[in-house]
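First comes the structure, then the notes that go with it.
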Amino acid sequence: MSRGTVLITGLTGFIATHTALAFLNAGYSVKGTTRTAAKAEQWISRFPDHKPRFQYAVVPDMSIPGAFDEAVKGCDYIAHLASPAHWDQTDNEADLLIPAIEGTKNLLSATKNEPKIKRVVFTSSLAAIIEPTTLEPGKAIVETEWNPITYEEAKSHTNPPVVYRASKALAERAFWDFIQTEKPTWSGTSICPCATFGPPLQVTSLSALNFSNKFLWDIANGQYKLGVPKVGSPVFVDVREVALAHVRAVELDVAQGQRYLLIGGPYIPDQVVQIIHKEFPELRNNLPPVDSSRTDHLNVRFDSSKATKQLGIQYTALETMVTETITAILGVLRNNAETE
């Protein structure tokens with residue numbers, strides 16, 4: 001018997017796929033939103049064992065008022081993961097800011113159509129907590145911090161990553177503002193992961209890799225053979241912890257009204273190179289030399305222990321995460337070779 005129905009927005013995304021599977025494995029039913037029916041059907045075809053407790057709703061454009069009005073019906077919980085996740089925008093507002101912010105507002109407004117809803121979990125980001133380009137050196141970063149960028153600043157900013165981070169911050173602010181002003185019957189929780197890696201269960205082609213995993217694969221496949229570039233925020237978390245945090249946020253009373261920063265630990269790209277060199281001999285010729293003197297770490301400290309204390313999240317080690325992610329990507333390559 002199902003433990004309730006969870007609406008997963010943006011179902012086919014990397015984190016959303018893991019989150020949907022975490023809920024299904026925990027005994028919940030899942031309703032996923034996708035832009036087309038074909039995408040939903042393709043998604044569940046990869047996980048046929050879960051089909052009896054799966055349904056979907058088509059939401060072609062979440063920025064349109066009323067976009068989620070039908071999707072929320074029959075749901076007990078919501079995990080809102082749908083949001084633009086790229087740095088290649090041509091129009092800051094149309095490509096990033098409006099979909100992220102208005103999509104969030106439209107989903108929250110739609111909850112008025114379903115009185116059963118008990119909890120809404122908003123998938124935010126470390127990007128909503130910090131803006132790396134303006135960080136104060138030596139600062140301790142916790143959940144109470146906010147990326148200070150305004151909509152007006154983001155609208156005209158010429159640095160694509162800054163605009164992406166603004167979209168996450170401003171959308172999360174809209175989430176908490178709705179709760180404060182509308183006082184809904186449901187309680188809210190936000191999950192703020194840093195750069196998220198892990199097995200890409202949602203892809204059948206490497207062209208569909210999410211941004212973080214593509215960075216790992218580019219290291220492994222020779223893209224950076226002359227040297228790996230510096231990372232803006234050199235911290236990581238495994239997607240499976242992020243997915244579990246969503247489930248715990250729905251299940252635990254302590255999560256009501258809380259914001260959780262998820263960081264598994266710091267890293268530098270040279271550590272990734274060393275792990276791939278050790279675990280995948282067949283890829284060694286693709287790897288750049290290791291610069292042991294390199295220090296990419298931000299001059300700040302992060303405290304993500306709240307998620308461990310309140311949600312029971314135990315973070316996966318970097319070596320495990322890298323090994324299992326590259327193994328899964330190689331599996332995608334093998335499957336494609338076998339079907340050609």
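As shown in the structure tokens, the chain order sets the letters A, B, ...; within each chain, residues go from 1, and ligands are also counted from 1 in the order they appear.
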Find the residues of region 12-100 of chain A that sit at most 7 Å from region 145-169 of chain A; for each, write down the nearest two atoms and how far apart they are in Å, to one decimal. Count only C-alpha atoms. Sort by chain, then by number going up, and give it as a tab-separated table.
residue	atom	partner	partner_atom	distance
A:Trp87	CA	A:Pro160	CA	5.2
A:Asp88	CA	A:Pro160	CA	6.9
A:Asn92	CA	A:Lys155	CA	5.7
A:Glu93	CA	A:Lys155	CA	6.0
A:Leu96	CA	A:Ser167	CA	6.2
A:Leu97	CA	A:Ser167	CA	5.0
A:Ala100	CA	A:Ser167	CA	6.0
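The shell of residues at most 8 Å from region 239-246 of chain A, with only C-alpha atoms counted and near chain neighbours (fewer than 3 positions) removed, consists of Ile15, Ala16, His18, Thr19, Ala20, Ala22, Ala79, Val121, Ile191, Pro193, Thr196, Phe197, Gly198, Pro199, Ala249, Val250, Leu262, Ala307, Leu311, Ile313, Gln314, Tyr315 and Thr316 of chain A.
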With C-alpha atoms kept, could you save the residues just selected as an mmCIF file, in the first residue's frame?
data_model
loop_
_atom_site.group_PDB
_atom_site.id
_atom_site.type_symbol
_atom_site.label_atom_id
_atom_site.label_comp_id
_atom_site.auth_asym_id
_atom_site.auth_seq_id
_atom_site.Cartn_x
_atom_site.Cartn_y
_atom_site.Cartn_z
ATOM 1 C CA ILE A 15 18.484 14.922 -9.179
ATOM 2 C CA ALA A 16 14.753 14.528 -9.836
ATOM 3 C CA HIS A 18 17.105 9.936 -8.064
ATOM 4 C CA THR A 19 14.563 11.684 -5.853
ATOM 5 C CA ALA A 20 11.611 9.998 -7.564
ATOM 6 C CA ALA A 22 14.072 7.283 -3.535
ATOM 7 C CA ALA A 79 9.185 17.953 -4.304
ATOM 8 C CA VAL A 121 10.086 20.434 -0.422
ATOM 9 C CA ILE A 191 17.202 21.498 0.322
ATOM 10 C CA PRO A 193 22.908 20.973 -2.337
ATOM 11 C CA THR A 196 25.907 17.276 -7.227
ATOM 12 C CA PHE A 197 27.497 14.173 -8.717
ATOM 13 C CA GLY A 198 26.598 10.498 -8.915
ATOM 14 C CA PRO A 199 25.396 7.767 -11.270
ATOM 15 C CA ALA A 249 12.190 16.234 4.668
ATOM 16 C CA VAL A 250 8.732 14.830 3.942
ATOM 17 C CA LEU A 262 24.134 19.617 1.703
ATOM 18 C CA ALA A 307 21.346 17.696 7.620
ATOM 19 C CA LEU A 311 17.804 14.236 8.693
ATOM 20 C CA ILE A 313 22.288 12.213 6.168
ATOM 21 C CA GLN A 314 25.676 10.472 6.006
ATOM 22 C CA TYR A 315 27.845 11.820 3.218
ATOM 23 C CA THR A 316 29.506 9.601 0.611
#
> So which residues touch region 204-212 of chain A within 12 Å, counting only C-alpha atoms, skipping near sequence neighbours fewer than 5 positions away, as a ChimeraX atom specification?
Replying inline: /A:12-17,42-43,45-46,84-88,161,194-199,217-219,221,231,233-239,322,325-326,328-337,339
Those same residues, written as a short mmCIF file (atom, residue, chain, number, x, y, z; two decimals), in the first residue's frame with N, CA and C atoms?
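Okay, this is what ended up in result-v7.cif:
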data_model
loop_
_atom_site.label_atom_id
_atom_site.label_comp_id
_atom_site.auth_asym_id
_atom_site.auth_seq_id
_atom_site.Cartn_x
_atom_site.Cartn_y
_atom_site.Cartn_z
N THR A 12 12.44 14.20 -15.23
CA THR A 12 13.49 13.55 -16.01
C THR A 12 14.89 14.09 -15.72
N GLY A 13 15.00 15.07 -14.83
CA GLY A 13 16.32 15.61 -14.50
C GLY A 13 17.14 14.65 -13.68
N PHE A 14 18.42 14.96 -13.53
CA PHE A 14 19.37 14.11 -12.80
C PHE A 14 18.97 13.94 -11.34
N ILE A 15 18.85 15.03 -10.60
CA ILE A 15 18.48 14.92 -9.18
C ILE A 15 17.05 14.45 -9.04
N ALA A 16 16.16 14.91 -9.92
CA ALA A 16 14.75 14.53 -9.84
C ALA A 16 14.56 13.03 -10.03
N THR A 17 15.31 12.44 -10.95
CA THR A 17 15.21 11.00 -11.17
C THR A 17 15.58 10.24 -9.90
N GLN A 42 9.06 7.49 -21.67
CA GLN A 42 10.45 7.03 -21.83
C GLN A 42 11.11 6.85 -20.46
N TRP A 43 10.83 7.77 -19.54
CA TRP A 43 11.43 7.70 -18.20
C TRP A 43 10.99 6.41 -17.49
N SER A 45 9.89 3.73 -18.67
CA SER A 45 10.33 2.52 -19.37
C SER A 45 11.69 2.05 -18.86
N ARG A 46 12.45 2.96 -18.27
CA ARG A 46 13.76 2.61 -17.71
C ARG A 46 13.63 1.96 -16.34
N PRO A 84 15.51 25.72 -14.59
CA PRO A 84 16.57 25.71 -15.61
C PRO A 84 17.93 25.49 -14.96
N ALA A 85 18.73 24.60 -15.55
CA ALA A 85 20.05 24.28 -14.98
C ALA A 85 21.10 24.31 -16.08
N HIS A 86 21.45 25.52 -16.49
CA HIS A 86 22.47 25.67 -17.53
C HIS A 86 23.05 27.07 -17.43
N TRP A 87 24.15 27.27 -18.17
CA TRP A 87 24.82 28.58 -18.19
C TRP A 87 24.90 29.13 -19.60
N ASP A 88 24.05 28.64 -20.49
CA ASP A 88 24.16 29.06 -21.89
C ASP A 88 22.98 29.91 -22.33
N PRO A 161 27.14 32.19 -15.08
CA PRO A 161 26.97 31.46 -13.81
C PRO A 161 26.36 32.31 -12.71
N CYS A 194 25.19 21.46 -2.92
CA CYS A 194 26.24 22.07 -3.73
C CYS A 194 26.32 21.29 -5.05
N ALA A 195 27.43 21.42 -5.77
CA ALA A 195 27.59 20.67 -7.02
C ALA A 195 27.34 19.19 -6.77
N THR A 196 26.41 18.62 -7.51
CA THR A 196 25.91 17.28 -7.23
C THR A 196 26.36 16.29 -8.29
N PHE A 197 26.96 15.21 -7.83
CA PHE A 197 27.50 14.17 -8.72
C PHE A 197 26.87 12.84 -8.36
N GLY A 198 27.09 11.84 -9.20
CA GLY A 198 26.60 10.50 -8.92
C GLY A 198 26.17 9.79 -10.18
N PRO A 199 25.80 8.53 -10.09
CA PRO A 199 25.40 7.77 -11.27
C PRO A 199 24.25 8.45 -12.02
N TRP A 217 33.31 13.50 -16.39
CA TRP A 217 33.56 12.70 -17.58
C TRP A 217 34.56 13.40 -18.50
N ASP A 218 34.52 14.72 -18.55
CA ASP A 218 35.49 15.45 -19.38
C ASP A 218 36.91 15.25 -18.85
N ILE A 219 37.05 15.11 -17.53
CA ILE A 219 38.37 14.79 -16.97
C ILE A 219 38.79 13.39 -17.43
N ASN A 221 37.74 11.58 -20.03
CA ASN A 221 37.80 11.25 -21.46
C ASN A 221 38.86 12.03 -22.24
N VAL A 231 37.80 25.23 -10.22
CA VAL A 231 36.37 25.09 -9.98
C VAL A 231 35.91 26.26 -9.12
N SER A 233 33.25 26.69 -7.09
CA SER A 233 32.90 26.29 -5.72
C SER A 233 33.32 24.83 -5.55
N PRO A 234 34.54 24.57 -5.14
CA PRO A 234 35.08 23.21 -5.14
C PRO A 234 34.61 22.37 -3.95
N VAL A 235 33.32 22.11 -3.92
CA VAL A 235 32.71 21.22 -2.93
C VAL A 235 31.75 20.30 -3.67
N PHE A 236 31.46 19.16 -3.09
CA PHE A 236 30.65 18.16 -3.78
C PHE A 236 29.67 17.51 -2.82
N VAL A 237 28.63 16.90 -3.41
CA VAL A 237 27.73 16.03 -2.67
C VAL A 237 27.23 14.96 -3.63
N ASP A 238 26.98 13.78 -3.10
CA ASP A 238 26.46 12.67 -3.91
C ASP A 238 24.95 12.82 -4.06
N VAL A 239 24.46 12.59 -5.27
CA VAL A 239 23.04 12.77 -5.57
C VAL A 239 22.16 11.89 -4.69
N VAL A 322 33.19 9.33 -7.08
CA VAL A 322 33.82 9.40 -8.39
C VAL A 322 33.84 8.03 -9.06
N THR A 325 30.32 6.98 -10.16
CA THR A 325 29.82 7.82 -11.26
C THR A 325 30.48 7.44 -12.58
N ILE A 326 31.79 7.31 -12.59
CA ILE A 326 32.50 6.94 -13.83
C ILE A 326 32.10 5.54 -14.27
N ALA A 328 29.20 4.15 -13.85
CA ALA A 328 27.87 4.25 -14.46
C ALA A 328 27.95 4.87 -15.85
N ILE A 329 28.80 5.87 -16.02
CA ILE A 329 28.94 6.51 -17.33
C ILE A 329 29.52 5.52 -18.35
N LEU A 330 30.50 4.75 -17.92
CA LEU A 330 31.05 3.72 -18.82
C LEU A 330 29.98 2.70 -19.18
N GLY A 331 29.08 2.43 -18.25
CA GLY A 331 27.98 1.52 -18.54
C GLY A 331 27.05 2.06 -19.62
N VAL A 332 26.80 3.38 -19.60
CA VAL A 332 26.00 3.99 -20.65
C VAL A 332 26.70 3.83 -22.01
N LEU A 333 28.01 4.05 -22.00
CA LEU A 333 28.76 3.90 -23.25
C LEU A 333 28.68 2.47 -23.78
N ARG A 334 28.82 1.50 -22.89
CA ARG A 334 28.76 0.09 -23.31
C ARG A 334 27.39 -0.25 -23.86
N ASN A 335 26.34 0.21 -23.19
CA ASN A 335 24.99 -0.08 -23.65
C ASN A 335 24.74 0.50 -25.03
N ASN A 336 25.26 1.70 -25.25
CA ASN A 336 25.08 2.32 -26.56
C ASN A 336 25.83 1.54 -27.64
N ALA A 337 27.02 1.07 -27.30
CA ALA A 337 27.83 0.30 -28.26
C ALA A 337 27.14 -1.01 -28.62
N THR A 339 23.96 -1.58 -28.67
CA THR A 339 22.71 -1.43 -29.42
C THR A 339 22.93 -0.85 -30.81
#
Selection: 6 Å around Leu261 (chain A), only C-alpha atoms, excl. self and same-chain fewer than 4 positions, as an mmCIF file with C-alpha atoms, in the first residue's frame:
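That gives us part01.cif:
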data_model
loop_
_atom_site.group_PDB
_atom_site.id
_atom_site.type_symbol
_atom_site.label_atom_id
_atom_site.label_comp_id
_atom_site.auth_asym_id
_atom_site.auth_seq_id
_atom_site.Cartn_x
_atom_site.Cartn_y
_atom_site.Cartn_z
ATOM 1 C CA GLU A 143 22.032 27.647 6.050
ATOM 2 C CA CYS A 192 20.365 23.345 -0.781
ATOM 3 C CA PRO A 193 22.908 20.973 -2.337
ATOM 4 C CA SER A 304 26.464 21.119 6.554
#
>> Considering only strand (DSSP E or B) as DSSP defines it on the backbone, what residues of region 187-251 of chain A qualify? List them as a ChimeraX atom specification.
In response: /A:187-193,196-197,235-238
> Can you list, as number ranges by chain, every residue of region 88-321 of chain A that DSSP puts in helix (DSSP H, G or I)?
Replying inline: A: 92-113, 126-128, 132-134, 151-156, 160-182, 206-208, 211-220, 239-251, 253-255, 269-279, 281-286, 305-311, 318-321
Would you save the residues from that selection as an mmCIF file, in the first residue's frame, using C-alpha atoms?
data_model
loop_
_atom_site.group_PDB
_atom_site.id
_atom_site.type_symbol
_atom_site.label_atom_id
_atom_site.label_comp_id
_atom_site.auth_asym_id
_atom_site.auth_seq_id
_atom_site.Cartn_x
_atom_site.Cartn_y
_atom_site.Cartn_z
ATOM 1 C CA ASN A 92 18.729 36.227 -18.665
ATOM 2 C CA GLU A 93 15.060 36.737 -17.905
ATOM 3 C CA ALA A 94 13.413 34.488 -20.471
ATOM 4 C CA ASP A 95 15.873 31.605 -20.175
ATOM 5 C CA LEU A 96 16.568 31.513 -16.431
ATOM 6 C CA LEU A 97 14.977 34.048 -14.115
ATOM 7 C CA ILE A 98 11.348 33.919 -15.231
ATOM 8 C CA PRO A 99 11.061 30.106 -15.515
ATOM 9 C CA ALA A 100 12.698 29.562 -12.105
ATOM 10 C CA ILE A 101 10.782 32.239 -10.215
ATOM 11 C CA GLU A 102 7.404 32.146 -11.940
ATOM 12 C CA GLY A 103 7.489 28.349 -12.103
ATOM 13 C CA THR A 104 7.877 28.275 -8.331
ATOM 14 C CA LYS A 105 5.106 30.804 -7.783
ATOM 15 C CA ASN A 106 2.741 28.925 -10.091
ATOM 16 C CA LEU A 107 3.367 25.641 -8.322
ATOM 17 C CA LEU A 108 2.782 27.159 -4.902
ATOM 18 C CA SER A 109 -0.377 28.897 -6.068
ATOM 19 C CA ALA A 110 -1.631 25.563 -7.408
ATOM 20 C CA THR A 111 -1.412 23.988 -3.948
ATOM 21 C CA LYS A 112 -4.587 25.889 -3.100
ATOM 22 C CA ASN A 113 -6.364 23.384 -5.378
ATOM 23 C CA LEU A 126 24.329 26.323 -2.514
ATOM 24 C CA ALA A 127 23.945 28.992 -5.197
ATOM 25 C CA ALA A 128 21.081 30.458 -3.156
ATOM 26 C CA PRO A 132 31.397 32.994 -4.922
ATOM 27 C CA THR A 133 32.521 36.154 -6.694
ATOM 28 C CA THR A 134 31.635 38.318 -3.700
ATOM 29 C CA TYR A 151 16.565 40.637 -9.669
ATOM 30 C CA GLU A 152 17.636 43.912 -11.244
ATOM 31 C CA GLU A 153 21.304 42.980 -10.920
ATOM 32 C CA ALA A 154 20.717 39.506 -12.337
ATOM 33 C CA LYS A 155 18.614 40.755 -15.245
ATOM 34 C CA SER A 156 21.504 42.661 -16.777
ATOM 35 C CA PRO A 160 26.172 33.450 -17.007
ATOM 36 C CA PRO A 161 26.972 31.459 -13.809
ATOM 37 C CA VAL A 162 26.097 34.487 -11.676
ATOM 38 C CA VAL A 163 22.690 34.705 -13.374
ATOM 39 C CA TYR A 164 22.081 30.983 -12.860
ATOM 40 C CA ARG A 165 22.910 31.311 -9.162
ATOM 41 C CA ALA A 166 20.578 34.296 -8.939
ATOM 42 C CA SER A 167 17.736 32.248 -10.409
ATOM 43 C CA LYS A 168 18.138 29.699 -7.629
ATOM 44 C CA ALA A 169 18.302 32.331 -4.883
ATOM 45 C CA LEU A 170 15.366 34.374 -6.123
ATOM 46 C CA ALA A 171 13.185 31.297 -6.671
ATOM 47 C CA GLU A 172 13.875 30.079 -3.143
ATOM 48 C CA ARG A 173 13.076 33.522 -1.751
ATOM 49 C CA ALA A 174 9.744 33.313 -3.579
ATOM 50 C CA PHE A 175 9.122 29.965 -1.874
ATOM 51 C CA TRP A 176 9.646 31.318 1.642
ATOM 52 C CA ASP A 177 7.803 34.565 0.846
ATOM 53 C CA PHE A 178 4.750 32.550 -0.211
ATOM 54 C CA ILE A 179 4.780 30.619 3.051
ATOM 55 C CA GLN A 180 5.104 33.809 5.082
ATOM 56 C CA THR A 181 2.393 35.759 3.283
ATOM 57 C CA GLU A 182 -0.091 33.034 2.296
ATOM 58 C CA LEU A 206 26.271 10.979 -22.743
ATOM 59 C CA SER A 207 25.031 14.064 -24.565
ATOM 60 C CA ALA A 208 22.368 14.297 -21.851
ATOM 61 C CA PHE A 211 26.605 19.719 -15.846
ATOM 62 C CA SER A 212 28.454 18.303 -12.825
ATOM 63 C CA ASN A 213 28.791 14.772 -14.138
ATOM 64 C CA LYS A 214 29.910 16.099 -17.524
ATOM 65 C CA PHE A 215 32.810 17.781 -15.726
ATOM 66 C CA LEU A 216 33.892 14.425 -14.240
ATOM 67 C CA TRP A 217 33.564 12.702 -17.582
ATOM 68 C CA ASP A 218 35.487 15.450 -19.376
ATOM 69 C CA ILE A 219 38.371 14.793 -16.973
ATOM 70 C CA ALA A 220 38.168 11.053 -17.676
ATOM 71 C CA VAL A 239 23.042 12.771 -5.567
ATOM 72 C CA ARG A 240 21.838 9.864 -3.443
ATOM 73 C CA GLU A 241 22.194 11.961 -0.292
ATOM 74 C CA VAL A 242 20.270 14.760 -1.956
ATOM 75 C CA ALA A 243 17.469 12.372 -2.907
ATOM 76 C CA LEU A 244 17.321 10.887 0.589
ATOM 77 C CA ALA A 245 17.169 14.368 2.102
ATOM 78 C CA HIS A 246 13.974 14.997 0.136
ATOM 79 C CA VAL A 247 12.384 11.843 1.541
ATOM 80 C CA ARG A 248 13.447 12.663 5.102
ATOM 81 C CA ALA A 249 12.190 16.234 4.668
ATOM 82 C CA VAL A 250 8.732 14.830 3.942
ATOM 83 C CA GLU A 251 8.788 12.266 6.724
ATOM 84 C CA ASP A 253 8.504 16.744 11.711
ATOM 85 C CA VAL A 254 11.797 18.399 12.592
ATOM 86 C CA ALA A 255 12.205 19.379 8.917
ATOM 87 C CA PRO A 269 40.099 18.388 -9.545
ATOM 88 C CA ASP A 270 43.505 16.766 -9.106
ATOM 89 C CA GLN A 271 41.971 14.445 -6.529
ATOM 90 C CA VAL A 272 39.464 13.330 -9.159
ATOM 91 C CA VAL A 273 42.335 12.673 -11.571
ATOM 92 C CA GLN A 274 44.107 10.540 -8.962
ATOM 93 C CA ILE A 275 40.976 8.497 -8.243
ATOM 94 C CA ILE A 276 40.311 7.824 -11.928
ATOM 95 C CA HIS A 277 43.982 6.898 -12.431
ATOM 96 C CA LYS A 278 43.757 4.381 -9.583
ATOM 97 C CA GLU A 279 40.345 2.856 -10.365
ATOM 98 C CA PRO A 281 43.561 1.899 -15.774
ATOM 99 C CA GLU A 282 41.962 1.964 -19.217
ATOM 100 C CA LEU A 283 41.452 5.727 -18.884
ATOM 101 C CA ARG A 284 44.942 6.664 -17.717
ATOM 102 C CA ASN A 285 46.124 7.883 -21.111
ATOM 103 C CA ASN A 286 43.324 10.464 -21.081
ATOM 104 C CA SER A 305 26.094 19.120 9.763
ATOM 105 C CA LYS A 306 22.474 20.181 10.281
ATOM 106 C CA ALA A 307 21.346 17.696 7.620
ATOM 107 C CA THR A 308 23.265 14.947 9.420
ATOM 108 C CA LYS A 309 21.879 15.829 12.835
ATOM 109 C CA GLN A 310 18.262 16.366 11.832
ATOM 110 C CA LEU A 311 17.804 14.236 8.693
ATOM 111 C CA LEU A 318 34.775 11.526 -2.789
ATOM 112 C CA GLU A 319 36.511 8.342 -3.954
ATOM 113 C CA THR A 320 33.306 6.320 -3.769
ATOM 114 C CA MET A 321 31.313 8.983 -5.567
#
>> Can you tell me which residues surround Ala140 (chain A) at a distance of at most 9 Å, considering only C-alpha atoms, apart from same-chain residues fewer than 2 positions away, and format the answer as a VMD selection string?
In response: chain A and resid 138 142 300 to 303
Requested write-out: C-alpha atoms of the selected residues, as a PDB file, in the first residue's frame:
ATOM      1  CA  GLY A 138      37.370  33.212   5.936  1.00  0.00           C
ATOM      2  CA  VAL A 142      25.691  27.991   7.062  1.00  0.00           C
ATOM      3  CA  VAL A 300      35.663  29.847   3.484  1.00  0.00           C
ATOM      4  CA  ARG A 301      34.298  27.161   5.751  1.00  0.00           C
ATOM      5  CA  PHE A 302      31.032  25.286   5.286  1.00  0.00           C
ATOM      6  CA  ASP A 303      28.921  23.652   7.970  1.00  0.00           C
TER       7      ASP A 303
END
>> For Ser29 (chain A), find every residue with an atom within 8 Å (counting only C-alpha atoms), except residues of its own chain fewer than 5 positions away, and show them as number ranges by chain.
In response: A: 2-6, 23-24, 53-54
> Between CA of Ala26 (chain A) and CA of Glu70 (chain A), what is the distance, to one decimal in Å?
Replying inline: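 CA of Glu70 (chain A) lies 25.0 Å from CA of Ala26 (chain A).
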> For Ile129 (chain A), which residue out of A:Pro52, A:Lys116, A:Tyr260, A:Lys39 is the nearest one, using only C-alpha atoms?
Replying inline: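 Residue with the minimum atom-to-atom distance to Ile129 (chain A): A:Tyr260.
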>> With distances taken over only C-alpha atoms, which residue among A:Gln258, A:Gly32, A:Ile8, A:Gly227 lies nearest Thr144 (chain A)?
In response: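 Of all the options, A:Gln258 lies closest to Thr144 (chain A).
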>> Between CA of Gln256 (chain A) and CA of Met1 (chain A), what is the distance in Å, rounded to a tenth?
In response: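 If I compute the distance from CA of Gln256 (chain A) to CA of Met1 (chain A), I get 25.2 Å.
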